[in-house]
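> Pasting in a structure now, in structure tokens, and then I'll have a few things to ask.
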Amino acid sequence: MPAVPLRHSEVPAAEGLAVIPLSIHIGARIDGVDLKRPLSPEQREAIHAALLRWKVLFFHDQHLDHAQQVALGRQFGELTIGHPVFGYVEGHPEVYSVGRDRFNSRFSAQRLVRPWSGWHTDVTAAVNPPAAAILRGVDIPPYGGDTQWTNLVAAYQGLSPTLQAFVDSLRGEHRFTPPEGSVARQGFSDPLAATPLVSEHPLVRVHPLTGEKALFVSPAFLKRIVGLSLRESEQLLALLFEQAIRPEYTVRFKWQAGDVAFWDNRATAHLPPEDIYASDFARQLYRVTLVGEVPVGPDGRQSTAIEGRPVLAHTRE
Ligand SMILES: [Fe+2]
């Protein structure tokens, strides 16, 4: 296991680069770096170490274009296709459009809303969810439209040792389906049917770089716990989802145009905003994701694909 900086004071320094924590458990702002330019090895190492420590990093005033966002991502690993089900931006196969109305255009408005609705870790229906994601803000509302992230390592550590030991032994089924209570609109049931994604993941994931255990629950995708009755599964998932999104484990980011968020998708979940639907404000962001490993549980067992293929690197001809 490589040594990684789990304390803020151990994050290595790079010239001119400042790591400014935003809460006790999660989130740091990075100042003093221009992401449009290739990073020096020291800058790259400092950003990667800060990512492992703080789980999500924010960079202001970067104003990247699609090609610059792709180039930034490639400095940290291979990139996936924009989205395995919903495709990519024309001419930019690694870039996924996070448009304001993407959910409402795909699924009926009626849905069952629970306290954890909308929270998710990206693409956990795949056997190898992305390792990390980089999201950039282009059209940003003057107010509203904040994104929240939660630290799933802190959430795991907040459980009692007895419950930790129990969830260490469990696995869950993650599916890509319409939000609970809604159905796919015309034209969107086809991609869902054509690209079925179902995987079984450990409920506790051992991070491949830090060795930390994360409560690997992704409320939008995790449908049931394997081996439990439906009622047992429903009740335990409610408890774990509630734990995962406790406010003290979260950070809330107010976007400005040109900002970049970079998160470790192995140790976090996030919540897209719902409030913007009560406004007419435009909101447009773009995401790239880094190819991820197949998760491993505390018992050493890997995740397994039930339906669908791994999300591999996009290769340009
Ligand atoms: Fe997401």
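The chains in the structure tokens are called A, B, ... from first to last as shown; in each chain the residues are counted from 1, and the ligands are counted from 1 in the order shown.
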Using only C-alpha atoms and all ligand atoms, what table do you get, as a tab-separated table, when you list each residue of chain A with an atom no more than 10 Å from ligand 1, its nearest pair of atoms, and their distance in Å rounded to one decimal, rows by chain then rising number?


```
residue	atom	partner	partner_atom_place_in_ligand_line	distance
A:Val98	CA	ligand 1	1 (Fe)	8.8
A:Gly118	CA	ligand 1	1 (Fe)	9.0
A:Trp119	CA	ligand 1	1 (Fe)	8.2
A:His120	CA	ligand 1	1 (Fe)	6.3
A:Thr121	CA	ligand 1	1 (Fe)	6.2
A:Asp122	CA	ligand 1	1 (Fe)	4.7
A:Val123	CA	ligand 1	1 (Fe)	7.7
A:Ala133	CA	ligand 1	1 (Fe)	8.6
A:Leu135	CA	ligand 1	1 (Fe)	9.4
A:Thr147	CA	ligand 1	1 (Fe)	9.8
A:Trp149	CA	ligand 1	1 (Fe)	10.0
A:Ala220	CA	ligand 1	1 (Fe)	9.9
A:Asn265	CA	ligand 1	1 (Fe)	9.2
A:Ala269	CA	ligand 1	1 (Fe)	8.0
A:His270	CA	ligand 1	1 (Fe)	6.4
A:Leu271	CA	ligand 1	1 (Fe)	7.2
A:Pro272	CA	ligand 1	1 (Fe)	7.0
A:Arg287	CA	ligand 1	1 (Fe)	8.9
```

> Among the residues of stretch 30-195 of chain A, find those DSSP assigns to helix (DSSP H, G or I) from the backbone and print them as a ChimeraX atom specification.

/A:41-54,66-74,102-106,152-157,161-168,189-194

> Considering only C-alpha atoms, return as number ranges by chain whatever protein or nucleic-acid residues lie within 8 Å of A:Val198, sequence-local ones (same chain, fewer than 2 positions apart) excluded.

A: 125-127, 173-176, 196, 200, 305-308

> Could you write those residues out with N, CA, C and O atoms, as a CSV table (one decimal), in the first residue's frame?


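Resulting contents of out.csv:
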```csv
chain,number,residue,atom,x,y,z
A,125,ALA,N,-23.8,1.5,-11.2
A,125,ALA,CA,-24.4,0.3,-11.8
A,125,ALA,C,-23.4,-0.4,-12.7
A,125,ALA,O,-23.6,-1.6,-13.0
A,126,ALA,N,-22.3,0.2,-13.0
A,126,ALA,CA,-21.2,-0.5,-13.8
A,126,ALA,C,-20.3,-1.3,-12.8
A,126,ALA,O,-20.2,-0.9,-11.6
A,127,VAL,N,-19.7,-2.3,-13.3
A,127,VAL,CA,-18.8,-3.1,-12.4
A,127,VAL,C,-17.6,-2.4,-12.0
A,127,VAL,O,-17.0,-2.6,-10.9
A,173,GLU,N,-26.9,-4.7,-4.7
A,173,GLU,CA,-27.1,-4.7,-6.2
A,173,GLU,C,-27.4,-3.3,-6.6
A,173,GLU,O,-28.4,-2.6,-6.2
A,174,HIS,N,-26.6,-2.8,-7.6
A,174,HIS,CA,-26.7,-1.4,-8.1
A,174,HIS,C,-27.3,-1.5,-9.6
A,174,HIS,O,-26.8,-2.3,-10.4
A,175,ARG,N,-28.3,-0.8,-9.8
A,175,ARG,CA,-29.0,-0.8,-11.2
A,175,ARG,C,-29.2,0.6,-11.7
A,175,ARG,O,-29.5,1.5,-11.0
A,176,PHE,N,-29.0,0.7,-13.0
A,176,PHE,CA,-29.3,1.9,-13.7
A,176,PHE,C,-30.8,1.9,-14.1
A,176,PHE,O,-31.1,1.2,-15.1
A,196,PRO,N,-28.2,-2.2,-20.6
A,196,PRO,CA,-28.5,-2.5,-19.2
A,196,PRO,C,-27.2,-2.6,-18.4
A,196,PRO,O,-26.2,-3.1,-18.8
A,200,GLU,N,-23.0,-6.1,-8.8
A,200,GLU,CA,-23.0,-6.3,-7.3
A,200,GLU,C,-21.7,-5.8,-6.8
A,200,GLU,O,-20.6,-6.2,-7.2
A,305,ALA,N,-20.1,-8.1,-12.3
A,305,ALA,CA,-21.1,-7.6,-13.3
A,305,ALA,C,-22.3,-8.6,-13.4
A,305,ALA,O,-22.0,-9.8,-13.6
A,306,ILE,N,-23.5,-8.1,-13.3
A,306,ILE,CA,-24.7,-9.0,-13.5
A,306,ILE,C,-25.2,-8.8,-14.9
A,306,ILE,O,-25.5,-9.7,-15.6
A,307,GLU,N,-25.2,-7.5,-15.3
A,307,GLU,CA,-25.5,-7.2,-16.7
A,307,GLU,C,-24.7,-6.0,-17.2
A,307,GLU,O,-24.4,-5.1,-16.4
A,308,GLY,N,-24.3,-6.0,-18.4
A,308,GLY,CA,-23.5,-4.9,-18.9
A,308,GLY,C,-22.0,-5.1,-18.9
A,308,GLY,O,-21.5,-6.0,-18.2
```

> For A:Gln302, please output as an MDAnalysis selection string all residues within 8 Å (counting only C-alpha atoms; exclusion window: fewer than 4 positions along the same chain).

chainID A and resid 201:202 294:297

> Which residue is closest to A:Ile245? Choose from A:Val291, A:Val153, A:Arg111, A:Tyr143 and count only C-alpha atoms.

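Closest to A:Ile245, using only C-alpha atoms: A:Val153.
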
> Name the residues of stretch 114-223 of chain A that fall into strand (DSSP E) according to DSSP on the backbone, using the chain letters and numbers of this document, as a JSON list (two decimals) with C-alpha atoms, in the first residue's frame.


```
[["chain", "number", "residue", "atom", "x", "y", "z"],
["A", 132, "ALA", "CA", -12.81, 10.17, -10.30],
["A", 133, "ALA", "CA", -14.69, 12.89, -12.11],
["A", 134, "ILE", "CA", -13.92, 16.44, -13.18],
["A", 135, "LEU", "CA", -16.87, 18.80, -13.62],
["A", 136, "ARG", "CA", -16.63, 22.36, -14.94],
["A", 137, "GLY", "CA", -19.21, 25.10, -14.71],
["A", 138, "VAL", "CA", -20.02, 27.14, -17.82],
["A", 139, "ASP", "CA", -23.51, 28.65, -17.40],
["A", 147, "THR", "CA", -23.78, 20.83, -5.62],
["A", 148, "GLN", "CA", -23.11, 18.85, -2.44],
["A", 149, "TRP", "CA", -20.63, 16.05, -1.82],
["A", 150, "THR", "CA", -20.32, 13.66, 1.11],
["A", 151, "ASN", "CA", -17.32, 11.76, 2.47],
["A", 171, "ARG", "CA", -22.98, -6.75, -0.83],
["A", 172, "GLY", "CA", -25.52, -4.72, -2.74],
["A", 173, "GLU", "CA", -27.14, -4.69, -6.17],
["A", 174, "HIS", "CA", -26.74, -1.45, -8.14],
["A", 175, "ARG", "CA", -28.99, -0.83, -11.17],
["A", 198, "VAL", "CA", -26.45, -4.04, -13.12],
["A", 199, "SER", "CA", -23.58, -4.87, -10.75],
["A", 200, "GLU", "CA", -23.02, -6.33, -7.33],
["A", 201, "HIS", "CA", -20.65, -4.30, -5.17],
["A", 202, "PRO", "CA", -19.47, -4.70, -1.59],
["A", 204, "VAL", "CA", -17.92, -1.38, 2.13],
["A", 205, "ARG", "CA", -15.21, -0.58, -0.37],
["A", 206, "VAL", "CA", -11.51, -0.64, 0.44],
["A", 213, "LYS", "CA", -12.93, 1.77, 4.07],
["A", 214, "ALA", "CA", -15.82, 3.71, 2.50],
["A", 215, "LEU", "CA", -19.52, 3.07, 3.01],
["A", 222, "LEU", "CA", -28.23, 0.73, -4.89],
["A", 223, "LYS", "CA", -31.55, -1.13, -4.92]]
```

> Rounded to one decimal place, report the atom CA of A:Pro12-atom CA of A:Glu45 distance in Å.

7.6 Å

> Considering only C-alpha atoms, return as a ChimeraX atom specification whatever protein or nucleic-acid residues lie within 9 Å of stretch 65-80 of chain A, sequence-local ones (same chain, fewer than 4 positions apart) excluded.

/A:35-39,44,48,84,92-95,130,133-136,286-292,311-315

> Using only C-alpha atoms, determine which residues lie at most 6 Å from A:Lys55, disregarding the query and same-chain residues fewer than 2 positions distant; provide the list as a list in words.

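The residues satisfying every condition are Leu51, Leu52, Arg53, Trp263 and Asp264 of chain A.
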
> Store the residues picked out above in a file with C-alpha atoms, as an mmCIF file, in the first residue's frame.


```
data_model
loop_
_atom_site.group_PDB
_atom_site.id
_atom_site.type_symbol
_atom_site.label_atom_id
_atom_site.label_comp_id
_atom_site.auth_asym_id
_atom_site.auth_seq_id
_atom_site.Cartn_x
_atom_site.Cartn_y
_atom_site.Cartn_z
ATOM 1 C CA LEU A 51 -7.764 14.718 -3.677
ATOM 2 C CA LEU A 52 -7.114 11.580 -1.633
ATOM 3 C CA ARG A 53 -7.177 13.574 1.601
ATOM 4 C CA TRP A 263 -13.772 14.406 -6.869
ATOM 5 C CA ASP A 264 -12.683 10.932 -5.841
#
```

> Under the rule that only C-alpha atoms are counted, which of A:His207, A:His60, A:Arg114, A:Arg301 is the nearest residue to A:Ala267?

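With only C-alpha atoms as the atom set, the closest residue is A:His207.
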
> Determine the nearest neighbour of A:Trp54 from the options A:Val19, A:Val33, A:Leu112, A:Ile276, counting only C-alpha atoms.

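Counting only C-alpha atoms, the residue closest to A:Trp54 is A:Val19.
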